[in-house]
>>> print(open('my_file-v5.txt').read())   # compact mmCIF, C-alpha atoms and all ligand atoms
# COMPACT_ATOMS: atom_id res chain seq x y z
CA MET A 1 89.91 120.05 91.21
CA SER A 2 88.70 122.70 93.66
CA GLU A 3 90.76 123.35 96.73
CA TYR A 4 87.57 122.73 98.70
CA ALA A 5 86.78 119.27 97.29
CA PRO A 6 87.38 116.54 99.90
CA LEU A 7 91.05 115.67 100.03
CA VAL A 8 91.84 112.13 98.87
CA ILE A 9 95.25 110.69 99.70
CA THR A 10 96.14 107.33 98.13
CA ILE A 11 98.90 105.11 99.46
CA ASP A 12 99.82 102.15 97.30
CA GLY A 13 102.67 99.70 97.51
CA PRO A 14 103.63 96.07 98.06
CA SER A 15 102.80 93.96 101.13
CA GLY A 16 104.48 95.07 104.31
CA SER A 17 105.75 98.44 103.10
CA GLY A 18 104.08 100.20 106.02
CA LYS A 19 101.10 101.63 104.12
CA GLY A 20 98.66 100.81 106.92
CA THR A 21 100.70 102.58 109.60
CA ILE A 22 101.19 105.67 107.46
CA ALA A 23 97.52 105.73 106.39
CA LYS A 24 96.32 105.56 110.02
CA ARG A 25 98.65 108.33 111.13
CA LEU A 26 97.56 110.61 108.26
CA SER A 27 93.90 109.88 108.84
CA SER A 28 94.09 110.89 112.51
CA GLU A 29 96.38 113.87 111.87
CA TYR A 30 94.16 115.40 109.16
CA GLY A 31 90.82 114.07 110.44
CA LEU A 32 90.15 112.02 107.28
CA ARG A 33 88.23 108.79 106.77
CA LEU A 34 90.24 105.61 106.25
CA LEU A 35 89.90 102.86 103.64
CA ASP A 36 92.02 99.74 104.13
CA SER A 37 91.18 98.17 100.77
CA GLY A 38 93.34 95.14 101.53
CA ALA A 39 90.94 94.31 104.37
CA LEU A 40 88.12 94.10 101.83
CA TYR A 41 90.06 91.58 99.73
CA ARG A 42 91.02 89.69 102.88
CA VAL A 43 87.35 89.47 103.95
CA LEU A 44 86.44 88.18 100.51
CA GLY A 45 89.26 85.63 100.66
CA LEU A 46 88.08 84.51 104.08
CA ALA A 47 84.44 84.31 102.99
CA ALA A 48 85.49 82.18 100.01
CA LEU A 49 87.53 79.84 102.24
CA ARG A 50 84.63 79.52 104.68
CA ARG A 51 82.17 78.66 101.92
CA GLY A 52 84.53 76.35 100.11
CA VAL A 53 84.52 78.53 96.97
CA VAL A 54 87.45 77.74 94.67
CA LEU A 55 89.73 80.80 94.82
CA THR A 56 89.94 81.09 91.03
CA ASP A 57 86.24 80.51 90.26
CA ALA A 58 85.47 83.93 88.72
CA VAL A 59 81.70 83.44 88.51
CA ALA A 60 81.26 82.31 92.13
CA LEU A 61 83.68 84.93 93.42
CA GLU A 62 82.02 87.76 91.54
CA ALA A 63 78.66 86.78 93.08
CA LEU A 64 80.25 86.52 96.52
CA ALA A 65 81.92 89.93 96.14
CA ALA A 66 78.69 91.56 94.98
CA SER A 67 76.69 90.24 97.93
CA LEU A 68 79.42 90.40 100.57
CA ASP A 69 77.87 91.37 103.92
CA VAL A 70 80.78 93.28 105.45
CA ARG A 71 80.93 96.31 107.74
CA PHE A 72 83.87 98.41 108.86
CA ASP A 73 82.94 99.75 112.30
CA VAL A 74 85.02 102.37 114.05
CA ALA A 75 86.15 100.88 117.37
CA GLU A 76 88.29 102.29 120.18
CA ASP A 77 91.34 100.32 119.11
CA GLY A 78 90.91 100.87 115.37
CA VAL A 79 88.49 99.51 112.81
CA GLN A 80 86.42 96.42 113.55
CA VAL A 81 85.76 94.28 110.48
CA VAL A 82 82.45 92.44 110.64
CA LEU A 83 81.58 89.67 108.15
CA GLU A 84 77.98 88.46 108.29
CA GLY A 85 77.71 89.70 111.89
CA ASP A 86 80.94 87.96 112.93
CA ASP A 87 83.94 90.05 114.09
CA VAL A 88 86.75 88.83 111.79
CA SER A 89 89.23 91.65 112.52
CA ARG A 90 91.80 89.19 113.81
CA GLU A 91 91.11 86.30 111.46
CA ILE A 92 91.65 88.38 108.31
CA ARG A 93 95.21 89.18 109.45
CA THR A 94 96.40 85.58 109.22
CA GLU A 95 98.79 84.55 106.44
CA GLU A 96 96.11 82.17 105.13
CA ALA A 97 93.59 85.00 104.68
CA GLY A 98 96.29 87.22 103.12
CA ARG A 99 97.19 84.52 100.65
CA ALA A 100 93.54 83.90 99.74
CA ALA A 101 93.07 87.68 99.34
CA SER A 102 95.92 87.92 96.89
CA ILE A 103 94.52 85.05 94.79
CA VAL A 104 90.93 86.36 94.61
CA ALA A 105 92.26 89.89 93.99
CA ALA A 106 93.69 88.76 90.66
CA VAL A 107 90.18 87.89 89.37
CA ALA A 108 89.05 90.88 87.25
CA PRO A 109 85.26 90.63 87.89
CA VAL A 110 85.96 90.58 91.63
CA ARG A 111 87.79 93.89 91.36
CA SER A 112 84.92 95.45 89.40
CA ALA A 113 82.39 94.17 91.93
CA LEU A 114 84.31 95.84 94.77
CA LEU A 115 84.93 99.16 93.01
CA LYS A 116 81.79 101.03 94.11
CA ARG A 117 82.12 99.91 97.73
CA GLN A 118 85.58 101.43 97.80
CA ARG A 119 84.60 104.67 96.05
CA ASP A 120 81.75 105.14 98.53
CA PHE A 121 84.37 105.77 101.22
CA SER A 122 85.27 109.06 99.55
CA ARG A 123 83.02 111.48 101.40
CA PRO A 124 83.67 114.68 103.36
CA PRO A 125 85.87 115.49 105.14
CA GLY A 126 88.13 113.36 102.89
CA LEU A 127 89.86 110.04 102.72
CA VAL A 128 93.15 108.21 103.10
CA ALA A 129 92.98 105.00 101.05
CA ASP A 130 95.60 102.30 101.17
CA GLY A 131 96.05 99.38 98.80
CA ARG A 132 97.57 98.44 95.46
CA ASP A 133 95.47 100.33 92.91
CA MET A 134 94.10 103.27 94.87
CA GLY A 135 95.92 105.90 92.82
CA THR A 136 95.75 104.10 89.49
CA VAL A 137 92.19 102.69 89.33
CA VAL A 138 89.95 103.42 92.31
CA PHE A 139 90.73 107.10 92.92
CA PRO A 140 92.59 108.31 89.80
CA GLU A 141 91.51 111.89 90.64
CA ALA A 142 93.18 111.87 94.07
CA GLN A 143 95.28 114.98 94.70
CA VAL A 144 97.95 113.27 96.79
CA LYS A 145 99.31 109.91 95.64
CA ILE A 146 102.06 108.01 97.38
CA PHE A 147 103.77 104.79 96.27
CA LEU A 148 105.51 103.30 99.29
CA THR A 149 108.12 100.59 98.86
CA ALA A 150 110.84 98.90 100.90
CA SER A 151 113.17 95.98 100.22
CA ALA A 152 111.56 92.52 100.41
CA ASP A 153 113.82 91.56 103.34
CA GLU A 154 112.81 94.62 105.33
CA ARG A 155 109.11 94.09 104.57
CA ALA A 156 109.29 90.44 105.62
CA LEU A 157 111.00 91.43 108.86
CA ARG A 158 108.37 94.05 109.63
CA ARG A 159 105.54 91.62 108.88
CA CYS A 160 107.15 88.98 111.07
CA ASN A 161 107.47 91.42 113.99
CA GLN A 162 103.89 92.63 113.50
CA LEU A 163 102.52 89.07 113.58
CA LEU A 164 104.56 88.18 116.66
CA ALA A 165 103.38 91.34 118.41
CA LYS A 166 99.77 90.30 117.72
CA GLY A 167 100.42 86.89 119.25
CA PHE A 168 100.50 84.91 115.97
CA ASP A 169 103.20 82.35 115.13
CA ALA A 170 105.63 83.70 112.54
CA ASN A 171 108.64 82.32 110.68
CA LEU A 172 110.81 84.84 108.84
CA ALA A 173 111.86 82.53 105.99
CA ASP A 174 108.24 81.52 105.30
CA ILE A 175 107.12 85.13 105.42
CA LEU A 176 109.85 86.23 103.00
CA SER A 177 108.84 83.59 100.49
CA ASP A 178 105.18 84.62 100.90
CA VAL A 179 106.12 88.30 100.38
CA LEU A 180 107.97 87.43 97.16
CA GLU A 181 105.11 85.23 95.94
CA ARG A 182 102.58 87.99 96.62
CA ASP A 183 104.75 90.66 94.98
CA ALA A 184 104.92 88.52 91.85
CA ARG A 185 101.16 87.89 91.83
CA ASP A 186 100.26 91.53 92.53
CA THR A 187 102.60 93.02 89.92
CA GLN A 188 102.08 90.45 87.16
CA ARG A 189 98.28 90.17 87.15
CA THR A 190 96.47 91.81 84.26
CA ALA A 191 93.67 93.29 86.40
CA ALA A 192 94.89 96.46 88.14
CA PRO A 193 98.48 95.31 88.67
CA LEU A 194 100.52 96.89 91.44
CA LYS A 195 102.36 99.87 89.95
CA PRO A 196 102.86 103.52 90.83
CA ALA A 197 100.43 106.02 89.33
CA LEU A 198 102.24 108.36 86.92
CA ASP A 199 101.65 111.26 89.31
CA ALA A 200 102.58 109.40 92.50
CA LEU A 201 105.41 110.34 94.83
CA GLU A 202 107.55 107.21 95.17
CA LEU A 203 109.09 106.70 98.59
CA ASP A 204 111.48 103.86 99.42
CA CYS A 205 111.19 103.59 103.17
CA THR A 206 113.71 100.76 103.71
CA ASP A 207 115.92 103.09 105.72
CA LEU A 208 113.36 105.70 106.71
CA THR A 209 111.48 106.04 109.99
CA VAL A 210 107.71 106.45 110.03
CA ASP A 211 108.21 110.11 110.96
CA GLN A 212 110.53 110.70 108.01
CA VAL A 213 107.96 109.21 105.63
CA LEU A 214 105.25 111.37 107.18
CA GLN A 215 107.40 114.49 106.77
CA SER A 216 107.70 113.90 103.02
CA ILE A 217 103.96 113.33 102.69
CA ARG A 218 103.09 116.40 104.75
CA ALA A 219 105.33 118.46 102.46
CA LEU A 220 103.47 117.13 99.42
CA ILE A 221 100.08 117.82 101.02
CA LEU A 222 101.23 121.36 101.74
CA THR A 223 101.94 121.96 98.05
CA LYS A 224 98.51 120.63 97.04
CA ARG A 225 96.33 121.93 99.87
CA PRO A 226 98.09 124.79 101.66
CA ARG A 227 95.00 125.66 103.70
CA LEU A 228 94.69 122.22 105.20
CA VAL A 229 97.97 122.14 107.12
O1 LIG B 301 97.27 95.10 101.92
P1 LIG B 301 96.97 93.66 102.29
O2 LIG B 301 98.19 92.81 102.46
O3 LIG B 301 96.04 93.57 103.46
O4 LIG B 301 96.17 93.08 101.04
C1 LIG B 301 95.92 91.71 100.90
C2 LIG B 301 95.95 91.35 99.42
O5 LIG B 301 94.85 91.98 98.76
C3 LIG B 301 97.20 91.85 98.67
O6 LIG B 301 98.23 90.88 98.66
C4 LIG B 301 96.69 92.13 97.28
O7 LIG B 301 96.81 90.98 96.46
C5 LIG B 301 95.22 92.40 97.46
N1 LIG B 301 94.90 93.81 97.29
C6 LIG B 301 94.65 94.25 96.01
N2 LIG B 301 94.26 95.54 95.81
C7 LIG B 301 94.14 96.39 96.83
C8 LIG B 301 94.42 95.95 98.15
C9 LIG B 301 94.81 94.65 98.34
O8 LIG B 301 94.79 93.51 95.05
N3 LIG B 301 93.75 97.63 96.59
>>> encode(input="my_file-v5.txt", output="structure tokens", more="lines below")
Ligand code: C5P
Amino acid sequence: MSEYAPLVITIDGPSGSGKGTIAKRLSSEYGLRLLDSGALYRVLGLAALRRGVVLTDAVALEALAASLDVRFDVAEDGVQVVLEGDDVSREIRTEEAGRAASIVAAVAPVRSALLKRQRDFSRPPGLVADGRDMGTVVFPEAQVKIFLTASADERALRRCNQLLAKGFDANLADILSDVLERDARDTQRTAAPLKPALDALELDCTDLTVDQVLQSIRALILTKRPRLV
């Protein structure tokens, strides 16, 4: 790929590994667009719950995914997620929406229906995409691929603190069991299971700070795109 093609950085990994934080920091540091693909699955999960669609009904979910009226607007405090004109930025962060997202995400036709929407984010000046299958399925040509992990205990703790900071109720034991349930569902599904791309840099950030993770990624970017740094 040409050194001048838009840079695409993919960050995949299990729930709560810190992908979102790292993706946001990279996007502002390098001036790249941002795709939070989990938000798309969360919006779909929420839309299905609102309409009473059974979360495993492939036909209904595929139709819902194909016609999903969702916008990601850049707002002062981050991205505003708008479903059918309704700001759902906060609602999609609940455990209920996350759980629904992980169930609908296992339905293969849903993933195909959302593929183009995700690929459309890859435009100049470039993109940081975070999710589960960014490096394996959605952007297999990406030059910089990261697979970010951390122990389940550490991820549950981080999620718990994040939810509390946002003013949601949170119980660590419940969150840990949800993290384990989601890990199992995300890694064991047949459609785009969570796994590192063969050419991904795997980083276990259990004992790393955000800045240490960023240092490793910057070093990788430097080897791929020396002119960008
Ligand atoms: O990353 P986040 O926790 O917001 O994602 C919610 C759910 O959406 C995940 O548990 C996962 O099942 C699903 N997902 C996915 N593929 C992606 C992003 C998220 O299957 N690329």
>>> atom_distance(input="my_file-v5.txt", atom1="CA of Leu35 in chain A", atom2="CA of Gln143 in chain A")
16.0 Å
>>> residues_near_ligand(input="my_file-v5.txt", ligand="ligand LIG 301 (chain B)", cutoff="7 Å", atoms="all atoms listed in the file", output="number ranges by chain")
A: 15-16, 37-39, 41-42, 98-99, 101-103, 105-106, 130-134, 182, 186
>>> closest_atom_pairs(input="my_file-v5.txt", of="range 60-169 of chain A", to="range 8-12 of chain A", cutoff="12 Å", atoms="only C-alpha atoms", output="tab-separated table")
residue	atom	partner	partner_atom	distance
A:Arg119	CA	A:Val8	CA	10.8
A:Phe121	CA	A:Val8	CA	10.1
A:Ser122	CA	A:Val8	CA	7.3
A:Arg123	CA	A:Val8	CA	9.2
A:Pro124	CA	A:Val8	CA	9.7
A:Pro125	CA	A:Val8	CA	9.3
A:Gly126	CA	A:Val8	CA	5.6
A:Leu127	CA	A:Val8	CA	4.8
A:Val128	CA	A:Ile9	CA	4.7
A:Ala129	CA	A:Thr10	CA	4.9
A:Asp130	CA	A:Ile11	CA	4.7
A:Gly131	CA	A:Asp12	CA	4.9
A:Arg132	CA	A:Asp12	CA	4.7
A:Asp133	CA	A:Asp12	CA	6.4
A:Met134	CA	A:Thr10	CA	5.6
A:Gly135	CA	A:Thr10	CA	5.5
A:Thr136	CA	A:Asp12	CA	9.0
A:Val137	CA	A:Thr10	CA	10.7
A:Val138	CA	A:Thr10	CA	9.4
A:Phe139	CA	A:Thr10	CA	7.5
A:Pro140	CA	A:Thr10	CA	9.1
A:Glu141	CA	A:Val8	CA	8.2
A:Ala142	CA	A:Val8	CA	5.0
A:Gln143	CA	A:Val8	CA	6.1
A:Val144	CA	A:Ile9	CA	4.7
A:Lys145	CA	A:Thr10	CA	4.8
A:Ile146	CA	A:Ile11	CA	4.8
A:Phe147	CA	A:Asp12	CA	4.9
A:Leu148	CA	A:Asp12	CA	6.1
A:Thr149	CA	A:Asp12	CA	8.6
>>> closest_residue(input="my_file-v5.txt", among="A:Asp120, A:Asp199, A:Glu181, A:Glu91", to="Leu163 in chain A", atoms="all atoms listed in the file")
A:Glu91
>>> atom_distance(input="my_file-v5.txt", atom1="CA of Asp36 in chain A", atom2="CA of Gly20 in chain A")
7.3 Å
>>> closest_residue(input="my_file-v5.txt", among="A:Ile92, A:Val53, A:Leu40, A:Leu172", to="Asp69 in chain A", atoms="all atoms listed in the file")
A:Leu40
>>> axis_aligned_box(input="my_file-v5.txt", around="range 153-165 of chain A", padding_each_side="6 Å", output="JSON")
{"center_x": 108.2, "center_y": 91.4, "center_z": 110.9, "size_x": 23.3, "size_y": 18.4, "size_z": 27.1}
>>> closest_residue(input="my_file-v5.txt", among="A:Arg218, A:Arg71, A:Arg90, A:Arg33", to="Gly167 in chain A", atoms="only C-alpha atoms")
A:Arg90
>>> closest_residue(input="my_file-v5.txt", among="A:Ala97, A:Ala197, A:Val79, A:Leu7", to="Leu26 in chain A", atoms="only C-alpha atoms")
A:Leu7
>>> atom_distance(input="my_file-v5.txt", atom1="CA of Ala113 in chain A", atom2="CA of Leu180 in chain A")
27.0 Å
>>> residues_around(input="my_file-v5.txt", residues="Gly85 in chain A", least_positions_apart="3", cutoff="12 Å", atoms="all atoms listed in the file", output="PDB file with C-alpha atoms, in the frame of the given file")
ATOM      1  CA  LEU A  68      79.420  90.400 100.570  1.00  0.00           C
ATOM      2  CA  ASP A  69      77.870  91.370 103.920  1.00  0.00           C
ATOM      3  CA  VAL A  70      80.780  93.280 105.450  1.00  0.00           C
ATOM      4  CA  ARG A  71      80.930  96.310 107.740  1.00  0.00           C
ATOM      5  CA  PHE A  72      83.870  98.410 108.860  1.00  0.00           C
ATOM      6  CA  ASP A  73      82.940  99.750 112.300  1.00  0.00           C
ATOM      7  CA  GLN A  80      86.420  96.420 113.550  1.00  0.00           C
ATOM      8  CA  VAL A  81      85.760  94.280 110.480  1.00  0.00           C
ATOM      9  CA  VAL A  82      82.450  92.440 110.640  1.00  0.00           C
ATOM     10  CA  VAL A  88      86.750  88.830 111.790  1.00  0.00           C
ATOM     11  CA  SER A  89      89.230  91.650 112.520  1.00  0.00           C
TER      12      SER A  89
END
>>> residues_around(input="my_file-v5.txt", residues="Ala58 in chain A", least_positions_apart="6", cutoff="12 Å", atoms="all atoms listed in the file", output="PDB file with C-alpha atoms, in the coordinates of the input")
ATOM      1  CA  ALA A  48      85.490  82.180 100.010  1.00  0.00           C
ATOM      2  CA  LEU A  64      80.250  86.520  96.520  1.00  0.00           C
ATOM      3  CA  ALA A  65      81.920  89.930  96.140  1.00  0.00           C
ATOM      4  CA  ALA A  66      78.690  91.560  94.980  1.00  0.00           C
ATOM      5  CA  ILE A 103      94.520  85.050  94.790  1.00  0.00           C
ATOM      6  CA  VAL A 104      90.930  86.360  94.610  1.00  0.00           C
ATOM      7  CA  ALA A 105      92.260  89.890  93.990  1.00  0.00           C
ATOM      8  CA  ALA A 106      93.690  88.760  90.660  1.00  0.00           C
ATOM      9  CA  VAL A 107      90.180  87.890  89.370  1.00  0.00           C
ATOM     10  CA  ALA A 108      89.050  90.880  87.250  1.00  0.00           C
ATOM     11  CA  PRO A 109      85.260  90.630  87.890  1.00  0.00           C
ATOM     12  CA  VAL A 110      85.960  90.580  91.630  1.00  0.00           C
ATOM     13  CA  ARG A 111      87.790  93.890  91.360  1.00  0.00           C
ATOM     14  CA  SER A 112      84.920  95.450  89.400  1.00  0.00           C
ATOM     15  CA  ALA A 113      82.390  94.170  91.930  1.00  0.00           C
TER      16      ALA A 113
END
>>> closest_residue(input="my_file-v5.txt", among="A:Ser177, A:Gly18, A:Ala100, A:Ala5", to="Arg155 in chain A", atoms="all atoms listed in the file")
A:Gly18
>>> closest_residue(input="my_file-v5.txt", among="A:Ala152, A:Glu76, A:Thr56, A:Ile22", to="Ser216 in chain A", atoms="all atoms listed in the file")
A:Ile22
>>> build_atoms(input="my_file-v5.txt", residues="range 197-212 of chain A", atoms="N, CA, C and O atoms", output="PDB file, keeping the file's coordinate frame")
ATOM      1  N   ALA A 197     101.129 105.132  90.259  1.00  0.00           N
ATOM      2  CA  ALA A 197     100.430 106.020  89.330  1.00  0.00           C
ATOM      3  C   ALA A 197     101.488 106.975  88.769  1.00  0.00           C
ATOM      4  O   ALA A 197     102.499 107.244  89.414  1.00  0.00           O
ATOM      5  N   LEU A 198     101.238 107.487  87.549  1.00  0.00           N
ATOM      6  CA  LEU A 198     102.240 108.360  86.920  1.00  0.00           C
ATOM      7  C   LEU A 198     102.514 109.595  87.773  1.00  0.00           C
ATOM      8  O   LEU A 198     103.626 110.111  87.795  1.00  0.00           O
ATOM      9  N   ASP A 199     101.476 110.050  88.496  1.00  0.00           N
ATOM     10  CA  ASP A 199     101.650 111.260  89.310  1.00  0.00           C
ATOM     11  C   ASP A 199     101.859 110.953  90.790  1.00  0.00           C
ATOM     12  O   ASP A 199     101.587 111.786  91.648  1.00  0.00           O
ATOM     13  N   ALA A 200     102.358 109.745  91.090  1.00  0.00           N
ATOM     14  CA  ALA A 200     102.580 109.400  92.500  1.00  0.00           C
ATOM     15  C   ALA A 200     103.989 109.788  92.949  1.00  0.00           C
ATOM     16  O   ALA A 200     104.937 109.743  92.160  1.00  0.00           O
ATOM     17  N   LEU A 201     104.099 110.142  94.222  1.00  0.00           N
ATOM     18  CA  LEU A 201     105.410 110.340  94.830  1.00  0.00           C
ATOM     19  C   LEU A 201     105.894 108.974  95.296  1.00  0.00           C
ATOM     20  O   LEU A 201     105.219 108.315  96.100  1.00  0.00           O
ATOM     21  N   GLU A 202     107.032 108.533  94.765  1.00  0.00           N
ATOM     22  CA  GLU A 202     107.550 107.210  95.170  1.00  0.00           C
ATOM     23  C   GLU A 202     108.511 107.365  96.328  1.00  0.00           C
ATOM     24  O   GLU A 202     109.454 108.159  96.255  1.00  0.00           O
ATOM     25  N   LEU A 203     108.245 106.621  97.404  1.00  0.00           N
ATOM     26  CA  LEU A 203     109.090 106.700  98.590  1.00  0.00           C
ATOM     27  C   LEU A 203     109.598 105.305  98.933  1.00  0.00           C
ATOM     28  O   LEU A 203     108.795 104.399  99.155  1.00  0.00           O
ATOM     29  N   ASP A 204     110.908 105.133  98.962  1.00  0.00           N
ATOM     30  CA  ASP A 204     111.480 103.860  99.420  1.00  0.00           C
ATOM     31  C   ASP A 204     111.803 104.040 100.899  1.00  0.00           C
ATOM     32  O   ASP A 204     112.677 104.832 101.264  1.00  0.00           O
ATOM     33  N   CYS A 205     111.051 103.336 101.735  1.00  0.00           N
ATOM     34  CA  CYS A 205     111.190 103.590 103.170  1.00  0.00           C
ATOM     35  C   CYS A 205     112.027 102.525 103.874  1.00  0.00           C
ATOM     36  O   CYS A 205     111.954 102.389 105.087  1.00  0.00           O
ATOM     37  N   THR A 206     112.867 101.790 103.091  1.00  0.00           N
ATOM     38  CA  THR A 206     113.710 100.760 103.710  1.00  0.00           C
ATOM     39  C   THR A 206     114.504 101.327 104.885  1.00  0.00           C
ATOM     40  O   THR A 206     114.568 100.718 105.957  1.00  0.00           O
ATOM     41  N   ASP A 207     115.088 102.506 104.656  1.00  0.00           N
ATOM     42  CA  ASP A 207     115.920 103.090 105.720  1.00  0.00           C
ATOM     43  C   ASP A 207     115.301 104.355 106.310  1.00  0.00           C
ATOM     44  O   ASP A 207     116.016 105.191 106.857  1.00  0.00           O
ATOM     45  N   LEU A 208     113.994 104.497 106.165  1.00  0.00           N
ATOM     46  CA  LEU A 208     113.360 105.700 106.710  1.00  0.00           C
ATOM     47  C   LEU A 208     112.496 105.340 107.918  1.00  0.00           C
ATOM     48  O   LEU A 208     111.911 104.256 107.963  1.00  0.00           O
ATOM     49  N   THR A 209     112.396 106.253 108.865  1.00  0.00           N
ATOM     50  CA  THR A 209     111.480 106.040 109.990  1.00  0.00           C
ATOM     51  C   THR A 209     110.077 106.460 109.536  1.00  0.00           C
ATOM     52  O   THR A 209     109.915 107.161 108.524  1.00  0.00           O
ATOM     53  N   VAL A 210     109.086 106.054 110.318  1.00  0.00           N
ATOM     54  CA  VAL A 210     107.710 106.450 110.030  1.00  0.00           C
ATOM     55  C   VAL A 210     107.617 107.975 109.985  1.00  0.00           C
ATOM     56  O   VAL A 210     106.987 108.564 109.096  1.00  0.00           O
ATOM     57  N   ASP A 211     108.290 108.646 110.921  1.00  0.00           N
ATOM     58  CA  ASP A 211     108.210 110.110 110.960  1.00  0.00           C
ATOM     59  C   ASP A 211     108.840 110.759 109.731  1.00  0.00           C
ATOM     60  O   ASP A 211     108.336 111.769 109.237  1.00  0.00           O
ATOM     61  N   GLN A 212     109.915 110.147 109.227  1.00  0.00           N
ATOM     62  CA  GLN A 212     110.530 110.700 108.010  1.00  0.00           C
ATOM     63  C   GLN A 212     109.592 110.557 106.814  1.00  0.00           C
ATOM     64  O   GLN A 212     109.474 111.459 105.989  1.00  0.00           O
TER      65      GLN A 212
END
